[in-house]
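Accompanying notes for the structure given below.
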Amino acid sequence: MPDKEGLKNIRLVIEYNGARYCGWQVQPNLKKKSIQAVIEKVLCKLLREKVKLIASGRTDAGVHALAQVANFYTASKITLGKLKLGLNSLLPYDIKISEVREVAADFHSRFSSKSKFYRYTILNRGHSSPLMQGKVFFYPHPLSLKDMRRESHSLLGRHNFSSFQASLGKDKNPVKTIKRISITEENDFIHIDIEGDGFLYNMIRNIVGTLIRIGRAKLPKGRLKSILLAKDRKQAAETVPACGLCLLKVKY
């Protein structure tokens, strides 16, 4: 944390398509750039000072965001309007800033957040969509939303979600709270919305993979609760692709 005295704390709301990136966080020795690195480079150019972005959370490679939140400290006197204009003129087509605001010095994008709201979108019909390529997960087999909804209720509340954490996950505390989960249908699209106080590495994508197996009647009634209680990643289903996942909102 930088010395905040005399500095402005600026909060950004960021929209991006994650298809071309290795994820939010800067990661050395990878061919793909991170979203964080791209924005920081532009900020350094505009502000003529080194900038370190603090994000609400790290989205993985290929994951999108409608409203990622990040903040940074700066001594620059640039107006918020000029900063937003400059950022959006220099950032690539798949990363844009929807809001720029000065906030209290103690605001922290990650630690000040109350919950995050993600949506996983499945295109559920017999043929894929060229226009939605890279934005949804195409799944051509019929799914029972009734069964998926019934089983998903066992995820609500505070639990140890080790069964849905990827093996590479580094989160030392697997206990998270799921505040809301809903499964809705809109024409050929199925939306799985999950709100929680935090998520483990690949947690949502592993939950969705397991719900899909339930929707295909490949897991018996009550199995999702058993998988949750097992605290064993091997019990859950495969990880679905990142392209269907989007961070819709961060609540403060």
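Letters for chains follow the order of the structure tokens (A, B, ...), residue numbers begin at 1 for each chain, and ligand numbers begin at 1 in the order shown.
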Problem - Selection near Leu143 of chain A, 12 Å with only C-alpha atoms, sequence-local residues under 3 positions removed, as a list in words - result: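 Close residues of Leu143 of chain A: Ile122, Leu123, Asn124, Arg125, Tyr139, Pro140, Lys146, Asp147, Met148, Arg149, Ile183, Thr184, Glu185, Asp188, Phe189, Ile190, Leu211, Ile212, Arg213, Ile214, Gly215, Arg216, Ala217 and Lys218 of chain A.
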Contacts between segment 14-34 of chain A and segment 68-151 of chain A, please, where a residue of segment 68-151 of chain A counts if it comes within 9 Å (with only C-alpha atoms); show its shortest atom pair and distance in Å to one decimal, rows by chain and ascending number, as JSON lines.
{"residue": "A:Gln68", "atom": "CA", "partner": "A:Ile14", "partner_atom": "CA", "distance": 5.0}
{"residue": "A:Val69", "atom": "CA", "partner": "A:Ile14", "partner_atom": "CA", "distance": 6.2}
{"residue": "A:Ala70", "atom": "CA", "partner": "A:Ile14", "partner_atom": "CA", "distance": 7.7}
{"residue": "A:Tyr93", "atom": "CA", "partner": "A:Tyr16", "partner_atom": "CA", "distance": 8.8}
{"residue": "A:Asp94", "atom": "CA", "partner": "A:Asn17", "partner_atom": "CA", "distance": 5.3}
{"residue": "A:Ile95", "atom": "CA", "partner": "A:Tyr16", "partner_atom": "CA", "distance": 4.4}
{"residue": "A:Lys96", "atom": "CA", "partner": "A:Glu15", "partner_atom": "CA", "distance": 5.4}
{"residue": "A:Ile97", "atom": "CA", "partner": "A:Ile14", "partner_atom": "CA", "distance": 4.6}
{"residue": "A:Ser98", "atom": "CA", "partner": "A:Ile14", "partner_atom": "CA", "distance": 5.9}
{"residue": "A:Glu99", "atom": "CA", "partner": "A:Ile14", "partner_atom": "CA", "distance": 7.3}
{"residue": "A:Gly134", "atom": "CA", "partner": "A:Ala19", "partner_atom": "CA", "distance": 6.7}
{"residue": "A:Lys135", "atom": "CA", "partner": "A:Asn17", "partner_atom": "CA", "distance": 8.2}
Practice task
Pick out the closest residue to Lys114 of chain A from this set: A:Gln36, A:Thr177, A:Ser226, A:Thr210. Count only C-alpha atoms.
Solution key: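 Distance minimum relative to Lys114 of chain A lands on A:Thr177.
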Handout entry: DSSP strand (DSSP E) selection over segment 49-234 of chain A, as number ranges by chain
Key = A: 54-55, 64-74, 95-103, 115-123, 137-138, 157-160, 175-186, 189-196
Handout entry: Exercise: Ala242 of chain A partners within 9 Å, only C-alpha atoms, chain neighbours under 6 positions left out, as an MDAnalysis selection string
Key = chainID A and resid 19 60:64 120 134:137 202 205
Practice task
Can you pull out every residue within 9 Å of His159 of chain A, counting only C-alpha atoms, but drop anything in the same chain fewer than 4 positions away, and send it as a VMD selection string?
Solution key: chain A and resid 155 174 to 178 228 to 229
Go ahead and save the picked residues with N, CA and C atoms, as a tab-separated table (two decimals), in the first residue's frame.
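result-v1.tsv written:
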chain	number	residue	atom	x	y	z
A	155	LEU	N	-26.09	-25.24	-2.22
A	155	LEU	CA	-24.88	-24.41	-2.23
A	155	LEU	C	-25.05	-23.12	-1.45
A	174	PRO	N	-10.92	-22.06	2.13
A	174	PRO	CA	-11.92	-22.52	1.17
A	174	PRO	C	-13.35	-22.25	1.59
A	175	VAL	N	-13.54	-21.60	2.73
A	175	VAL	CA	-14.88	-21.33	3.23
A	175	VAL	C	-15.39	-20.01	2.64
A	176	LYS	N	-16.49	-20.10	1.90
A	176	LYS	CA	-17.09	-18.94	1.27
A	176	LYS	C	-18.60	-18.96	1.51
A	177	THR	N	-19.23	-17.81	1.28
A	177	THR	CA	-20.67	-17.70	1.44
A	177	THR	C	-21.34	-17.40	0.11
A	178	ILE	N	-22.24	-18.28	-0.30
A	178	ILE	CA	-23.06	-18.04	-1.49
A	178	ILE	C	-24.36	-17.40	-1.03
A	228	LEU	N	-20.39	-31.44	-2.18
A	228	LEU	CA	-19.99	-30.29	-1.37
A	228	LEU	C	-19.39	-30.73	-0.04
A	229	LEU	N	-20.04	-31.67	0.63
A	229	LEU	CA	-19.59	-32.13	1.94
A	229	LEU	C	-18.31	-32.96	1.86
Fill in the blank from the handout: Across A:Phe117, A:Phe199, A:Phe72, A:Phe107, the smallest distance to Ser162 of chain A, with only C-alpha atoms counted, is shown by A:Phe199
Problem - Among listed residues A:Ile35, A:Val100, A:Leu87, A:Val42, nearest Val13 of chain A (using only C-alpha atoms) - result: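 For Val13 of chain A, the nearest of the candidates is A:Val100.
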Handout entry: Residues near Gly6 of chain A, cut-off 10 Å, only C-alpha atoms, skip fewer than 6 positions along chain, as JSON, numbers by chain
Key = {"A": [73, 74, 75, 105]}
Problem - Filtered DSSP result for segment 35-156 of chain A, state helix (DSSP H, G or I), as a PyMOL selection string - result: chain A and resi 35-47+80-90+145-155
Can those selected residues be exported to a file as a PDB file, in the first residue's frame so that it contains C-alpha atoms?
ATOM      1  CA  ILE A  35      -5.809  -6.757 -18.500  1.00  0.00           C
ATOM      2  CA  GLN A  36      -4.146  -5.180 -15.472  1.00  0.00           C
ATOM      3  CA  ALA A  37      -0.867  -4.677 -17.359  1.00  0.00           C
ATOM      4  CA  VAL A  38      -2.579  -3.057 -20.345  1.00  0.00           C
ATOM      5  CA  ILE A  39      -4.487  -0.547 -18.200  1.00  0.00           C
ATOM      6  CA  GLU A  40      -1.478   0.240 -15.989  1.00  0.00           C
ATOM      7  CA  LYS A  41       0.661   0.960 -19.051  1.00  0.00           C
ATOM      8  CA  VAL A  42      -1.892   3.458 -20.353  1.00  0.00           C
ATOM      9  CA  LEU A  43      -2.284   5.059 -16.921  1.00  0.00           C
ATOM     10  CA  CYS A  44       1.486   5.507 -16.617  1.00  0.00           C
ATOM     11  CA  LYS A  45       1.512   7.224 -20.005  1.00  0.00           C
ATOM     12  CA  LEU A  46      -1.348   9.564 -19.104  1.00  0.00           C
ATOM     13  CA  LEU A  47      -0.271  10.377 -15.546  1.00  0.00           C
ATOM     14  CA  LEU A  80     -11.632  12.804 -13.955  1.00  0.00           C
ATOM     15  CA  GLY A  81     -13.266  13.638 -17.276  1.00  0.00           C
ATOM     16  CA  LYS A  82      -9.951  13.946 -19.096  1.00  0.00           C
ATOM     17  CA  LEU A  83      -8.686  10.772 -17.432  1.00  0.00           C
ATOM     18  CA  LYS A  84     -11.663   8.754 -18.636  1.00  0.00           C
ATOM     19  CA  LEU A  85     -11.431  10.203 -22.136  1.00  0.00           C
ATOM     20  CA  GLY A  86      -7.698   9.570 -22.307  1.00  0.00           C
ATOM     21  CA  LEU A  87      -8.014   5.997 -21.055  1.00  0.00           C
ATOM     22  CA  ASN A  88     -10.736   5.063 -23.520  1.00  0.00           C
ATOM     23  CA  SER A  89      -8.900   6.649 -26.445  1.00  0.00           C
ATOM     24  CA  LEU A  90      -5.697   4.712 -25.713  1.00  0.00           C
ATOM     25  CA  LEU A 145     -33.523 -26.706 -15.275  1.00  0.00           C
ATOM     26  CA  LYS A 146     -35.927 -28.017 -12.635  1.00  0.00           C
ATOM     27  CA  ASP A 147     -33.342 -30.541 -11.419  1.00  0.00           C
ATOM     28  CA  MET A 148     -30.518 -28.010 -11.636  1.00  0.00           C
ATOM     29  CA  ARG A 149     -32.464 -25.462  -9.574  1.00  0.00           C
ATOM     30  CA  ARG A 150     -33.422 -28.016  -6.943  1.00  0.00           C
ATOM     31  CA  GLU A 151     -29.849 -29.201  -6.430  1.00  0.00           C
ATOM     32  CA  SER A 152     -28.320 -25.724  -6.526  1.00  0.00           C
ATOM     33  CA  HIS A 153     -30.102 -24.767  -3.287  1.00  0.00           C
ATOM     34  CA  SER A 154     -27.632 -26.902  -1.322  1.00  0.00           C
ATOM     35  CA  LEU A 155     -24.876 -24.413  -2.233  1.00  0.00           C
TER      36      LEU A 155
END
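Distance annotation: of A:Ala104, A:Ala236, A:Ile78, A:Pro142, the residue with the minimal separation from Ser163 of chain A is A:Ala236; atom set is only C-alpha atoms.
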Exercise for the section: Name the closest residue to Ser115 of chain A among the candidates A:Arg11, A:Lys50, A:Lys225, A:Arg180; distances are taken between atoms, counting only C-alpha atoms. Expected result: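 When distances to Ser115 of chain A are compared using only C-alpha atoms, the smallest one comes from A:Arg180.
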Practice task
State, in Å with one decimal place, the distance from atom CA of Gln133 of chain A to atom CA of Leu248 of chain A.
Solution key: 18.9 Å
